[in-house]
$ cat run_0.cif   # mmCIF, C-alpha atoms
data_target
loop_
_atom_site.label_atom_id
_atom_site.label_comp_id
_atom_site.auth_asym_id
_atom_site.auth_seq_id
_atom_site.Cartn_x
_atom_site.Cartn_y
_atom_site.Cartn_z
CA MET K 1 -0.65 18.58 -66.85
CA SER K 2 -0.15 17.01 -63.46
CA THR K 3 0.01 13.29 -63.10
CA GLU K 4 -0.57 12.82 -59.39
CA HIS K 5 -2.47 9.73 -58.40
CA ALA K 6 -4.97 9.06 -55.69
CA HIS K 7 -2.69 6.41 -54.25
CA ASP K 8 0.92 6.33 -55.19
CA ALA K 9 1.60 2.99 -53.57
CA HIS K 10 1.36 0.98 -56.74
CA ALA K 11 5.00 0.66 -57.69
CA GLY K 12 5.58 -2.15 -60.16
CA HIS K 13 1.89 -2.87 -60.71
CA GLY K 14 0.09 -2.70 -64.01
CA HIS K 15 -1.88 0.51 -64.14
CA ASP K 16 -5.40 -0.71 -64.84
CA ASP K 17 -6.26 -3.61 -62.63
CA ALA K 18 -3.65 -3.31 -59.95
CA ASP K 19 -5.09 -5.31 -57.10
CA ASP K 20 -3.85 -3.22 -54.24
CA GLY K 21 -7.26 -2.09 -53.04
CA ALA K 22 -7.01 1.40 -54.48
CA VAL K 23 -8.64 3.13 -57.43
CA HIS K 24 -6.15 4.72 -59.78
CA VAL K 25 -7.37 7.60 -61.86
CA HIS K 26 -5.79 10.49 -63.65
CA ILE K 27 -6.07 13.66 -61.62
CA GLY K 28 -5.98 16.83 -63.65
CA SER K 29 -4.41 19.95 -62.19
CA ASN K 30 -6.49 22.94 -61.11
CA GLN K 31 -4.79 25.01 -63.79
CA SER K 32 -5.75 22.61 -66.55
CA TYR K 33 -9.42 22.70 -65.52
CA ILE K 34 -9.40 26.49 -65.40
CA GLY K 35 -7.71 26.54 -68.82
CA ILE K 36 -10.51 24.39 -70.27
CA PHE K 37 -13.09 26.70 -68.67
CA LEU K 38 -11.49 29.78 -70.23
CA ALA K 39 -11.47 28.07 -73.63
CA LEU K 40 -15.19 27.32 -73.20
CA ILE K 41 -15.93 30.95 -72.32
CA PHE K 42 -13.95 32.09 -75.36
CA LEU K 43 -15.94 29.76 -77.63
CA THR K 44 -19.22 31.00 -76.09
CA PHE K 45 -18.15 34.56 -76.81
CA MET K 46 -17.29 33.57 -80.38
CA THR K 47 -20.63 31.86 -81.04
CA VAL K 48 -22.56 34.92 -79.80
CA LYS K 49 -20.34 37.29 -81.77
CA VAL K 50 -20.65 35.25 -84.96
CA SER K 51 -24.47 35.23 -84.68
CA TYR K 52 -24.52 38.96 -85.51
CA TYR K 53 -23.14 38.27 -88.98
CA ASP K 54 -25.08 36.59 -91.76
CA PHE K 55 -23.34 33.70 -93.50
CA GLY K 56 -26.54 32.42 -95.08
CA SER K 57 -27.03 28.69 -94.79
CA ALA K 58 -23.61 28.38 -93.15
CA ASN K 59 -25.00 30.06 -89.99
CA ILE K 60 -26.22 26.82 -88.47
CA ILE K 61 -23.11 24.89 -89.54
CA ILE K 62 -20.82 27.42 -87.82
CA ALA K 63 -22.98 27.45 -84.69
CA MET K 64 -23.04 23.64 -84.52
CA LEU K 65 -19.27 23.41 -85.13
CA ILE K 66 -18.55 25.73 -82.21
CA ALA K 67 -21.08 23.89 -80.02
CA THR K 68 -19.43 20.56 -80.88
CA MET K 69 -15.99 21.96 -80.01
CA LYS K 70 -17.36 23.06 -76.63
CA ALA K 71 -19.08 19.72 -76.04
CA SER K 72 -15.87 17.87 -76.92
CA LEU K 73 -13.88 19.90 -74.39
CA VAL K 74 -16.45 19.22 -71.66
CA ALA K 75 -16.63 15.48 -72.46
CA ALA K 76 -12.87 14.97 -72.85
CA PHE K 77 -11.63 16.90 -69.81
CA PHE K 78 -14.44 17.77 -67.37
CA MET K 79 -15.98 14.32 -67.87
CA HIS K 80 -12.51 12.66 -67.98
CA LEU K 81 -13.16 10.70 -71.18
CA ARG K 82 -9.65 11.54 -72.35
CA TYR K 83 -8.18 9.47 -69.51
CA ASP K 84 -11.03 6.98 -69.11
CA LYS K 85 -11.49 3.54 -70.50
CA LEU K 86 -12.04 3.70 -74.27
CA PHE K 87 -15.24 1.69 -73.92
CA ASN K 88 -16.94 4.58 -72.07
CA THR K 89 -16.16 6.85 -75.02
CA LEU K 90 -17.63 4.25 -77.38
CA ALA K 91 -20.86 4.08 -75.33
CA PHE K 92 -21.07 7.87 -75.42
CA LEU K 93 -20.32 8.30 -79.14
CA GLY K 94 -22.54 5.33 -79.99
CA SER K 95 -25.56 7.33 -78.86
CA PHE K 96 -24.76 10.00 -81.46
CA LEU K 97 -24.51 7.34 -84.16
CA PHE K 98 -28.05 6.15 -83.38
CA LEU K 99 -29.25 9.74 -83.11
CA ALA K 100 -27.95 10.32 -86.64
CA VAL K 101 -29.82 7.23 -87.88
CA PHE K 102 -32.98 8.52 -86.18
CA ILE K 103 -32.81 12.02 -87.68
CA LEU K 104 -31.67 10.97 -91.17
CA LEU K 105 -34.34 8.29 -91.58
CA THR K 106 -37.03 10.70 -90.37
CA TYR K 107 -35.81 13.25 -92.92
CA ASP K 108 -35.82 10.61 -95.64
CA ASP K 109 -39.37 9.59 -94.75
CA LEU K 110 -40.69 13.15 -94.80
CA GLY K 111 -38.83 14.03 -97.98
CA ASN K 112 -40.30 11.12 -99.93
CA ARG K 113 -43.89 11.10 -98.74
CA GLY K 114 -46.61 11.26 -101.37
CA LYS K 115 -44.31 10.40 -104.24
CA VAL K 116 -45.48 8.11 -106.99
CA ASP K 117 -43.88 4.69 -106.75
CA PRO K 118 -42.35 4.01 -110.19
CA ALA K 119 -42.10 0.26 -109.64
CA TYR K 120 -45.80 -0.26 -108.91
CA GLY K 121 -47.10 2.77 -110.74
CA GLY K 122 -49.29 3.44 -107.75
CA THR K 123 -50.59 6.91 -107.15
CA VAL K 124 -51.74 8.32 -103.88
CA VAL K 125 -55.39 9.40 -103.78
CA SER K 126 -55.63 12.67 -105.65
CA GLY K 127 -56.40 15.87 -103.86
CA VAL K 128 -55.66 14.25 -100.52
CA THR K 129 -52.73 15.50 -98.55
CA ALA K 130 -50.39 12.78 -97.43
CA PRO K 131 -50.28 12.62 -93.64
CA GLY K 132 -47.87 15.21 -92.34
CA GLY K 133 -46.30 15.86 -95.71
CA ALA K 134 -46.60 17.79 -98.92
CA PRO K 135 -49.66 17.41 -101.21
CA ALA K 136 -49.80 13.87 -102.49
CA THR K 137 -49.66 14.59 -106.22
CA THR K 138 -49.91 17.59 -108.45
CA ALA K 139 -53.02 16.06 -110.05
CA THR K 140 -56.33 17.80 -109.36
CA GLN K 141 -59.78 16.33 -108.86
CA ASP K 142 -60.52 17.15 -112.51
CA ASP K 143 -57.55 15.17 -113.81
CA VAL K 144 -58.76 12.11 -111.97
CA ALA K 145 -62.31 12.53 -113.26
CA GLU K 146 -60.99 12.40 -116.82
CA GLU K 147 -58.80 9.36 -116.36
CA ALA K 148 -60.72 7.20 -113.95
CA PRO K 149 -64.25 6.07 -114.78
CA HIS K 150 -65.08 5.52 -111.07
CA ALA K 151 -64.46 9.19 -110.33
CA GLY K 152 -67.70 9.28 -108.41
CA SER K 153 -65.91 7.87 -105.41
CA ALA K 154 -63.70 10.96 -105.34
CA VAL K 155 -66.73 12.90 -104.11
CA ALA K 156 -66.92 10.68 -101.04
CA PRO K 157 -65.18 12.03 -97.92
CA ALA K 158 -61.49 11.70 -98.54
CA GLY K 159 -60.74 10.33 -95.11
CA ALA K 160 -63.14 7.40 -95.60
CA GLU K 161 -61.28 6.17 -98.63
CA LYS K 162 -58.08 4.23 -98.16
CA PRO K 163 -55.32 4.88 -100.67
CA PRO K 164 -54.53 1.84 -102.81
CA SER K 165 -51.49 0.02 -101.50
CA PRO K 166 -50.34 -2.46 -104.14
CA LYS K 167 -47.43 -3.88 -102.21
CA LYS K 168 -49.48 -5.02 -99.23
CA GLU K 169 -50.39 -8.71 -99.06
CA MET X 1 -20.58 -10.36 -45.67
CA ALA X 2 -17.72 -12.26 -47.23
CA ASN X 3 -15.18 -9.97 -45.66
CA GLU X 4 -13.10 -12.64 -43.95
CA THR X 5 -12.87 -14.97 -46.94
CA ALA X 6 -12.07 -12.12 -49.24
CA HIS X 7 -9.44 -10.95 -46.86
CA ALA X 8 -7.80 -14.30 -46.87
CA GLU X 9 -7.93 -14.64 -50.64
CA HIS X 10 -6.58 -11.26 -51.60
CA ALA X 11 -4.39 -10.55 -48.64
CA HIS X 12 -5.57 -6.97 -48.45
CA ALA X 13 -8.37 -5.19 -46.61
CA HIS X 14 -11.85 -5.11 -48.07
CA PRO X 15 -13.12 -1.65 -47.29
CA ASP X 16 -16.74 -0.91 -46.34
CA PHE X 17 -17.59 0.69 -49.66
CA LEU X 18 -16.64 -2.41 -51.67
CA GLN X 19 -19.75 -4.41 -52.59
CA HIS X 20 -19.30 -8.12 -52.02
CA HIS X 21 -19.85 -8.98 -55.71
CA PHE X 22 -16.79 -6.99 -56.79
CA ASP X 23 -13.24 -8.25 -56.39
CA THR X 24 -11.48 -4.90 -56.23
CA PRO X 25 -12.38 -1.22 -55.81
CA THR X 26 -11.02 -0.64 -59.31
CA GLN X 27 -13.41 -3.17 -60.77
CA GLN X 28 -16.30 -1.60 -58.86
CA PHE X 29 -15.29 1.89 -59.96
CA ASN X 30 -15.04 0.92 -63.64
CA ALA X 31 -18.40 -0.86 -63.54
CA SER X 32 -20.08 2.19 -61.98
CA LYS X 33 -18.56 4.48 -64.57
CA LEU X 34 -19.63 2.33 -67.49
CA GLY X 35 -23.16 2.18 -66.09
CA MET X 36 -23.22 5.97 -65.82
CA TRP X 37 -22.03 6.38 -69.40
CA VAL X 38 -24.68 4.01 -70.72
CA PHE X 39 -27.25 6.05 -68.78
CA ILE X 40 -25.86 9.26 -70.32
CA ALA X 41 -26.26 7.66 -73.76
CA THR X 42 -29.96 7.01 -73.04
CA GLU X 43 -30.36 10.62 -71.91
CA ILE X 44 -28.88 11.84 -75.18
CA LEU X 45 -31.34 9.66 -77.08
CA MET X 46 -34.23 11.08 -75.04
CA PHE X 47 -33.21 14.65 -75.88
CA GLY X 48 -32.52 13.37 -79.40
CA GLY X 49 -36.24 13.04 -80.08
CA LEU X 50 -36.65 16.75 -79.47
CA PHE X 51 -33.60 17.64 -81.52
CA CYS X 52 -35.06 15.54 -84.35
CA ALA X 53 -38.37 17.43 -84.09
CA TYR X 54 -36.41 20.68 -84.16
CA ALA X 55 -34.50 19.62 -87.29
CA ILE X 56 -37.68 18.59 -89.11
CA TRP X 57 -39.74 21.67 -88.27
CA ARG X 58 -36.91 24.03 -88.92
CA GLY X 59 -36.36 22.37 -92.28
CA LEU X 60 -40.05 22.72 -93.17
CA ASP X 61 -40.42 26.34 -92.05
CA PRO X 62 -37.07 28.11 -91.57
CA ASP X 63 -38.56 31.61 -91.81
CA ILE X 64 -40.71 31.21 -88.74
CA PHE X 65 -37.68 30.13 -86.69
CA ASP X 66 -35.86 33.18 -87.96
CA GLN X 67 -38.67 35.56 -86.98
CA ALA X 68 -39.49 33.94 -83.67
CA HIS X 69 -35.94 33.60 -82.33
CA HIS X 70 -35.66 37.40 -82.09
CA PHE X 71 -38.09 37.18 -79.16
CA LEU X 72 -35.49 35.35 -77.10
CA ASN X 73 -33.07 37.38 -75.07
CA LYS X 74 -29.51 36.59 -76.22
CA THR X 75 -28.00 38.27 -73.16
CA MET X 76 -29.97 36.09 -70.75
CA GLY X 77 -29.17 32.98 -72.79
CA ALA X 78 -25.46 33.81 -72.86
CA THR X 79 -25.48 34.58 -69.12
CA ASN X 80 -27.01 31.19 -68.41
CA THR X 81 -24.43 29.54 -70.67
CA VAL X 82 -21.58 31.13 -68.70
CA VAL X 83 -23.26 30.19 -65.40
CA LEU X 84 -23.59 26.55 -66.48
CA LEU X 85 -20.02 26.41 -67.80
CA PHE X 86 -18.74 27.82 -64.53
CA SER X 87 -20.80 25.31 -62.54
CA SER X 88 -19.29 22.57 -64.71
CA LEU X 89 -15.83 23.82 -63.77
CA THR X 90 -16.66 23.77 -60.05
CA ALA X 91 -18.19 20.29 -60.41
CA ALA X 92 -14.97 19.07 -62.05
CA LEU X 93 -12.93 20.71 -59.28
CA ALA X 94 -15.17 19.09 -56.66
CA VAL X 95 -14.29 15.69 -58.13
CA ARG X 96 -10.60 16.62 -58.17
CA SER X 97 -10.73 17.66 -54.49
CA ALA X 98 -12.42 14.37 -53.63
CA GLN X 99 -9.71 12.48 -55.54
CA VAL X 100 -6.96 14.11 -53.51
CA GLY X 101 -8.91 13.85 -50.26
CA LYS X 102 -9.63 17.53 -49.58
CA ARG X 103 -13.08 17.04 -48.08
CA ASN X 104 -13.88 20.66 -47.15
CA LEU X 105 -12.84 21.92 -50.55
CA THR X 106 -15.13 19.32 -52.18
CA SER X 107 -18.03 20.68 -50.11
CA ILE X 108 -17.26 24.27 -51.08
CA TYR X 109 -17.12 23.43 -54.79
CA LEU X 110 -20.35 21.43 -54.57
CA VAL X 111 -22.12 24.35 -52.85
CA ILE X 112 -20.93 26.75 -55.59
CA THR X 113 -22.19 24.32 -58.24
CA ILE X 114 -25.61 24.09 -56.56
CA LEU X 115 -25.81 27.89 -56.24
CA CYS X 116 -25.03 28.24 -59.96
CA ALA X 117 -27.90 25.87 -60.68
CA CYS X 118 -30.19 28.19 -58.65
CA VAL X 119 -28.96 31.22 -60.62
CA PHE X 120 -29.68 29.38 -63.86
CA LEU X 121 -33.25 28.62 -62.76
CA VAL X 122 -33.88 32.21 -61.63
CA VAL X 123 -32.77 33.58 -65.02
CA LYS X 124 -34.97 30.95 -66.71
CA TYR X 125 -37.90 32.07 -64.54
CA PHE X 126 -37.56 35.66 -65.77
CA GLU X 127 -37.35 34.47 -69.38
CA TYR X 128 -40.44 32.28 -69.04
CA THR X 129 -42.59 34.95 -67.35
CA HIS X 130 -41.60 37.45 -70.06
CA LYS X 131 -42.81 35.04 -72.74
CA PHE X 132 -46.01 34.34 -70.82
CA HIS X 133 -46.60 38.07 -70.62
CA LEU X 134 -46.24 38.43 -74.39
CA GLY X 135 -48.42 35.40 -75.06
CA LEU X 136 -45.56 33.62 -76.84
CA LEU X 137 -46.76 30.16 -75.90
CA PRO X 138 -47.26 26.74 -77.49
CA GLY X 139 -50.39 25.54 -79.26
CA HIS X 140 -53.72 27.25 -78.70
CA CYS X 141 -52.29 29.33 -75.88
CA PHE X 142 -50.26 31.32 -78.42
CA GLY X 143 -51.34 34.96 -78.24
CA HIS X 144 -54.12 34.14 -75.82
CA PRO X 145 -55.34 37.24 -73.92
CA TRP X 146 -55.57 35.25 -70.69
CA PHE X 147 -51.81 35.18 -70.62
CA SER X 148 -50.82 38.27 -72.50
CA ALA X 149 -51.23 41.92 -71.69
CA SER X 150 -49.90 43.62 -74.77
CA VAL X 151 -50.72 41.18 -77.53
CA GLN X 152 -53.58 41.61 -79.96
CA GLY X 153 -55.18 38.72 -81.79
CA GLY X 154 -56.70 39.13 -85.22
CA GLN X 155 -59.79 37.12 -84.27
CA GLU X 156 -62.02 36.59 -81.31
CA ILE X 157 -60.06 34.11 -79.26
CA GLY X 158 -61.56 34.67 -75.83
CA THR X 159 -63.04 31.20 -75.39
CA CYS X 160 -60.36 28.97 -76.84
CA LEU X 161 -59.09 27.73 -73.50
CA ARG X 162 -62.52 27.34 -71.95
CA THR X 163 -63.81 24.91 -74.50
CA THR X 164 -62.90 21.24 -74.42
CA ASP X 165 -63.72 20.94 -78.11
CA THR X 166 -60.35 21.60 -79.70
CA ALA X 167 -61.84 21.74 -83.20
CA SER X 168 -63.83 24.86 -82.35
CA ALA X 169 -60.91 26.61 -80.66
CA VAL X 170 -59.87 29.55 -82.78
CA MET X 171 -56.33 30.75 -83.20
CA PRO X 172 -55.59 34.42 -83.70
CA GLU X 173 -54.64 35.31 -87.26
CA TRP X 174 -51.53 37.06 -86.10
CA VAL X 175 -49.80 38.14 -82.95
CA LYS X 176 -48.08 41.47 -82.65
CA ALA X 177 -45.33 41.78 -80.11
CA VAL X 178 -42.29 43.85 -79.38
CA ASP X 179 -39.10 41.81 -79.60
CA GLU X 180 -35.87 42.24 -77.67
CA SER X 181 -34.55 45.03 -79.86
CA GLY X 182 -37.73 47.08 -79.42
CA GLN X 183 -38.93 46.33 -82.92
CA VAL X 184 -42.62 45.52 -83.42
CA THR X 185 -42.96 42.23 -85.25
CA VAL X 186 -46.05 40.42 -86.41
CA LEU X 187 -45.87 36.67 -85.96
CA PRO X 188 -48.27 34.32 -87.71
CA PRO X 189 -50.01 31.76 -85.45
CA ARG X 190 -47.85 28.92 -86.78
CA ALA X 191 -45.02 30.51 -84.79
CA ASN X 192 -46.56 28.60 -81.87
CA MET X 193 -44.52 25.63 -83.18
CA TYR X 194 -41.27 27.41 -82.37
CA PHE X 195 -42.42 28.33 -78.88
CA GLY X 196 -43.70 24.80 -78.38
CA LEU X 197 -40.20 23.50 -79.10
CA TYR X 198 -38.65 26.24 -76.99
CA PHE X 199 -40.72 25.41 -73.92
CA VAL X 200 -40.46 21.63 -74.23
CA MET X 201 -36.71 21.61 -74.89
CA THR X 202 -35.78 24.14 -72.21
CA GLY X 203 -38.43 22.65 -69.90
CA LEU X 204 -36.96 19.14 -70.11
CA HIS X 205 -33.52 20.65 -69.65
CA GLY X 206 -34.76 22.65 -66.65
CA LEU X 207 -36.12 19.43 -65.15
CA HIS X 208 -32.62 17.98 -65.52
CA VAL X 209 -31.17 21.02 -63.76
CA ILE X 210 -33.50 20.37 -60.81
CA ILE X 211 -32.68 16.63 -60.74
CA GLY X 212 -28.95 17.43 -61.03
CA MET X 213 -29.23 19.86 -58.10
CA SER X 214 -30.94 17.17 -56.00
CA ILE X 215 -28.19 14.66 -56.81
CA LEU X 216 -25.46 17.17 -55.93
CA ILE X 217 -27.20 18.03 -52.64
CA TRP X 218 -27.28 14.31 -51.80
CA VAL X 219 -23.57 14.01 -52.67
CA LEU X 220 -22.84 17.11 -50.56
CA VAL X 221 -24.59 15.61 -47.51
CA LYS X 222 -22.64 12.35 -47.90
CA ASN X 223 -19.41 14.31 -48.28
CA ILE X 224 -20.06 16.33 -45.12
CA ARG X 225 -20.70 13.04 -43.31
CA GLY X 226 -17.25 11.89 -44.43
CA LYS X 227 -18.31 9.01 -46.66
CA PHE X 228 -15.71 9.74 -49.34
CA SER X 229 -11.97 9.33 -49.56
CA PRO X 230 -9.32 9.16 -52.29
CA ALA X 231 -10.05 5.43 -52.41
CA TYR X 232 -13.82 5.92 -52.83
CA PHE X 233 -15.28 9.00 -54.49
CA THR X 234 -17.56 7.33 -57.06
CA PRO X 235 -20.80 9.22 -56.14
CA VAL X 236 -18.99 12.58 -56.45
CA ASP X 237 -17.65 11.53 -59.84
CA LEU X 238 -20.98 10.23 -61.18
CA GLY X 239 -22.98 13.17 -59.77
CA ALA X 240 -20.59 15.52 -61.53
CA LEU X 241 -20.95 13.49 -64.75
CA TYR X 242 -24.71 14.04 -64.60
CA TRP X 243 -24.15 17.74 -64.08
CA HIS X 244 -21.79 17.91 -67.07
CA LEU X 245 -24.51 16.23 -69.15
CA VAL X 246 -26.89 19.07 -68.21
CA ASP X 247 -24.18 21.44 -69.42
CA LEU X 248 -23.66 19.47 -72.66
CA VAL X 249 -27.35 19.67 -73.58
CA TRP X 250 -27.42 23.41 -72.93
CA ILE X 251 -24.33 23.93 -75.11
CA TYR X 252 -26.49 22.79 -78.06
CA LEU X 253 -29.79 24.35 -76.96
CA PHE X 254 -28.30 27.82 -76.63
CA PRO X 255 -27.23 28.34 -80.28
CA LEU X 256 -30.17 26.36 -81.70
CA LEU X 257 -32.82 28.43 -79.92
CA TYR X 258 -31.19 31.81 -79.27
CA LEU X 259 -28.65 32.39 -81.99
CA VAL X 260 -29.51 30.62 -85.22
CA GLY X 261 -31.28 32.70 -87.83
CA LYS X 262 -30.58 35.78 -89.84
CA PRO X 263 -29.26 38.71 -87.81
CA GLU X 264 -31.39 41.83 -87.91
#
$ encode --input "run_0.cif" --output "structure tokens"
Amino acid sequence: MSTEHAHDAHAGHGHDDADDGAVHVHIGSNQSYIGIFLALIFLTFMTVKVSYYDFGSANIIIAMLIATMKASLVAAFFMHLRYDKLFNTLAFLGSFLFLAVFILLTYDDLGNRGKVDPAYGGTVVSGVTAPGGAPATTATQDDVAEEAPHAGSAVAPAGAEKPPSPKKE
Amino acid sequence: MANETAHAEHAHAHPDFLQHHFDTPTQQFNASKLGMWVFIATEILMFGGLFCAYAIWRGLDPDIFDQAHHFLNKTMGATNTVVLLFSSLTAALAVRSAQVGKRNLTSIYLVITILCACVFLVVKYFEYTHKFHLGLLPGHCFGHPWFSASVQGGQEIGTCLRTTDTASAVMPEWVKAVDESGQVTVLPPRANMYFGLYFVMTGLHGLHVIIGMSILIWVLVKNIRGKFSPAYFTPVDLGALYWHLVDLVWIYLFPLLYLVGKPE
């Protein structure tokens, strides 16, 4: 890889903040950029080729692995992160950290909706589907009628009734 | 500005491009780059909302993604991937030419990059019109005869777009369409979710392609006017960074929308 510099008049200076009025950056060679491009094309070919075979649930993992390899090549070399200040890389990777928090917490929320809270023993209103999630409980209207004496309220429109929320206030 | 004072203090010339609140071009360059990277992080988080929606809906209903993704044309998607990767290469080479002061070469590479962006949009146009023709659209438009020529709905759906009362709008029970391999497939109406994601994700990406093109055209004009030199090429660098971001997003969109699912 070539190591030419925009200005070579910085003999004896520190590399980063040399105060000689010039910006010093790493300049990759044409060949290196073309090499990265060919690697990207190869990986694109691979990801298309692989999609014609069925690996079951590993399909998406393989596809995402190849995509991440491609993205890493683009970020490291085309976007110069490899030769940039480390802080830029941290800003970039930090966004993926928060994206992971976003997606994982959303998954956790959806996966646990409508479950009975063991600590409070609270049940979600029977026969009512939790918003956006699976049916609230496996109990039917009939089960509630047997257990609860005020089952008459279950006939009322479900939307009008608020589910009991023991942990509020 | 403070040119004279600065000159005296630092004993070197303060060029035109150096803003008065920066001490050195290096400091200015590093600040610009960091700002661009923080902006790129916010862009990733914006697309992240859509990727999160994709993850959730795919997790809830993987079969529909499997059936619906066969209606996307892998060849067109792969072509667009190669076009974007090539434009990323030319964008990187445009920056390199600016770094070594080859102004004409920078212009040529920028023009190639912009042309690639046009090719990408033209391919996308053909993909979109094909889906419109089949009625593979989001929400209540899915399978609607106003859009589709060859699609049959299981119910009377002729008035669903004309009414403002969404509750009375009726979805077809199924939509029959011929997918890319010539096979007739019946999609249930909930497949509109997949096409909703497809159009919003590729649509937002397409908007970024158009914005990226505009930025590169602006950089090209400045380059032709001779505003850049090996000492100052920041706009070329940052414009190219934006273009690479467009490429990065597509690198993930392509397998997620076109490739993932069981092969036929």
$ resolve_selection --input "run_0.cif" --expression "the PyMOL selection byres ((chain X and resi 260) around 8)" --output "ChimeraX atom specification"
/K:51,59-60,63 /X:66,69,255-259,261-262
$ write_last_selection --input "run_0.cif" --atoms "C-alpha atoms" --output "PDB file, keeping the file's coordinate frame"
ATOM      1  CA  SER K  51     -24.470  35.230 -84.680  1.00  0.00           C
ATOM      2  CA  ASN K  59     -25.000  30.060 -89.990  1.00  0.00           C
ATOM      3  CA  ILE K  60     -26.220  26.820 -88.470  1.00  0.00           C
ATOM      4  CA  ALA K  63     -22.980  27.450 -84.690  1.00  0.00           C
TER       5      ALA K  63
ATOM      6  CA  ASP X  66     -35.860  33.180 -87.960  1.00  0.00           C
ATOM      7  CA  HIS X  69     -35.940  33.600 -82.330  1.00  0.00           C
ATOM      8  CA  PRO X 255     -27.230  28.340 -80.280  1.00  0.00           C
ATOM      9  CA  LEU X 256     -30.170  26.360 -81.700  1.00  0.00           C
ATOM     10  CA  LEU X 257     -32.820  28.430 -79.920  1.00  0.00           C
ATOM     11  CA  TYR X 258     -31.190  31.810 -79.270  1.00  0.00           C
ATOM     12  CA  LEU X 259     -28.650  32.390 -81.990  1.00  0.00           C
ATOM     13  CA  GLY X 261     -31.280  32.700 -87.830  1.00  0.00           C
ATOM     14  CA  LYS X 262     -30.580  35.780 -89.840  1.00  0.00           C
TER      15      LYS X 262
END
$ atom_distance --input "run_0.cif" --atom1 "atom CA of His244 of chain X" --atom2 "atom CA of Ala71 of chain K"
9.5 Å
$ resolve_selection --input "run_0.cif" --expression "the PyMOL selection byres ((chain K and resi 79-88) around 8)" --output "list of chain:residue names"
K:Val25, K:His26, K:Val74, K:Ala75, K:Ala76, K:Phe77, K:Phe78, K:Thr89, K:Leu90, K:Ala91, K:Phe92, X:Lys33, X:Leu34, X:Trp37, X:Val38, X:Ala92, X:Ala240, X:Leu241, X:His244
$ resolve_selection --input "run_0.cif" --expression "the PyMOL selection byres ((chain K) within 8 of (chain X))" --output "number ranges by chain"
K: 5-7, 16-24, 27-28, 30, 33-34, 37, 40-41, 44, 47-48, 51-54, 56, 59-60, 63-64, 67-68, 70-71, 74-75, 78-79, 87-88, 91-92, 94-96, 98-99, 102-103, 106-107
$ residues_near_point --input "run_0.cif" --point "(-43.6, 29.5, -78.5)" --cutoff "12 Å" --atoms "all atoms listed in the file" --output "ChimeraX atom specification"
/X:64-65,67-72,128,130-132,134-144,175,187-202,257
$ write_last_selection --input "run_0.cif" --atoms "C-alpha atoms" --output "PDB file, keeping the file's coordinate frame"
ATOM      1  CA  ILE X  64     -40.710  31.210 -88.740  1.00  0.00           C
ATOM      2  CA  PHE X  65     -37.680  30.130 -86.690  1.00  0.00           C
ATOM      3  CA  GLN X  67     -38.670  35.560 -86.980  1.00  0.00           C
ATOM      4  CA  ALA X  68     -39.490  33.940 -83.670  1.00  0.00           C
ATOM      5  CA  HIS X  69     -35.940  33.600 -82.330  1.00  0.00           C
ATOM      6  CA  HIS X  70     -35.660  37.400 -82.090  1.00  0.00           C
ATOM      7  CA  PHE X  71     -38.090  37.180 -79.160  1.00  0.00           C
ATOM      8  CA  LEU X  72     -35.490  35.350 -77.100  1.00  0.00           C
ATOM      9  CA  TYR X 128     -40.440  32.280 -69.040  1.00  0.00           C
ATOM     10  CA  HIS X 130     -41.600  37.450 -70.060  1.00  0.00           C
ATOM     11  CA  LYS X 131     -42.810  35.040 -72.740  1.00  0.00           C
ATOM     12  CA  PHE X 132     -46.010  34.340 -70.820  1.00  0.00           C
ATOM     13  CA  LEU X 134     -46.240  38.430 -74.390  1.00  0.00           C
ATOM     14  CA  GLY X 135     -48.420  35.400 -75.060  1.00  0.00           C
ATOM     15  CA  LEU X 136     -45.560  33.620 -76.840  1.00  0.00           C
ATOM     16  CA  LEU X 137     -46.760  30.160 -75.900  1.00  0.00           C
ATOM     17  CA  PRO X 138     -47.260  26.740 -77.490  1.00  0.00           C
ATOM     18  CA  GLY X 139     -50.390  25.540 -79.260  1.00  0.00           C
ATOM     19  CA  HIS X 140     -53.720  27.250 -78.700  1.00  0.00           C
ATOM     20  CA  CYS X 141     -52.290  29.330 -75.880  1.00  0.00           C
ATOM     21  CA  PHE X 142     -50.260  31.320 -78.420  1.00  0.00           C
ATOM     22  CA  GLY X 143     -51.340  34.960 -78.240  1.00  0.00           C
ATOM     23  CA  HIS X 144     -54.120  34.140 -75.820  1.00  0.00           C
ATOM     24  CA  VAL X 175     -49.800  38.140 -82.950  1.00  0.00           C
ATOM     25  CA  LEU X 187     -45.870  36.670 -85.960  1.00  0.00           C
ATOM     26  CA  PRO X 188     -48.270  34.320 -87.710  1.00  0.00           C
ATOM     27  CA  PRO X 189     -50.010  31.760 -85.450  1.00  0.00           C
ATOM     28  CA  ARG X 190     -47.850  28.920 -86.780  1.00  0.00           C
ATOM     29  CA  ALA X 191     -45.020  30.510 -84.790  1.00  0.00           C
ATOM     30  CA  ASN X 192     -46.560  28.600 -81.870  1.00  0.00           C
ATOM     31  CA  MET X 193     -44.520  25.630 -83.180  1.00  0.00           C
ATOM     32  CA  TYR X 194     -41.270  27.410 -82.370  1.00  0.00           C
ATOM     33  CA  PHE X 195     -42.420  28.330 -78.880  1.00  0.00           C
ATOM     34  CA  GLY X 196     -43.700  24.800 -78.380  1.00  0.00           C
ATOM     35  CA  LEU X 197     -40.200  23.500 -79.100  1.00  0.00           C
ATOM     36  CA  TYR X 198     -38.650  26.240 -76.990  1.00  0.00           C
ATOM     37  CA  PHE X 199     -40.720  25.410 -73.920  1.00  0.00           C
ATOM     38  CA  VAL X 200     -40.460  21.630 -74.230  1.00  0.00           C
ATOM     39  CA  MET X 201     -36.710  21.610 -74.890  1.00  0.00           C
ATOM     40  CA  THR X 202     -35.780  24.140 -72.210  1.00  0.00           C
ATOM     41  CA  LEU X 257     -32.820  28.430 -79.920  1.00  0.00           C
TER      42      LEU X 257
END
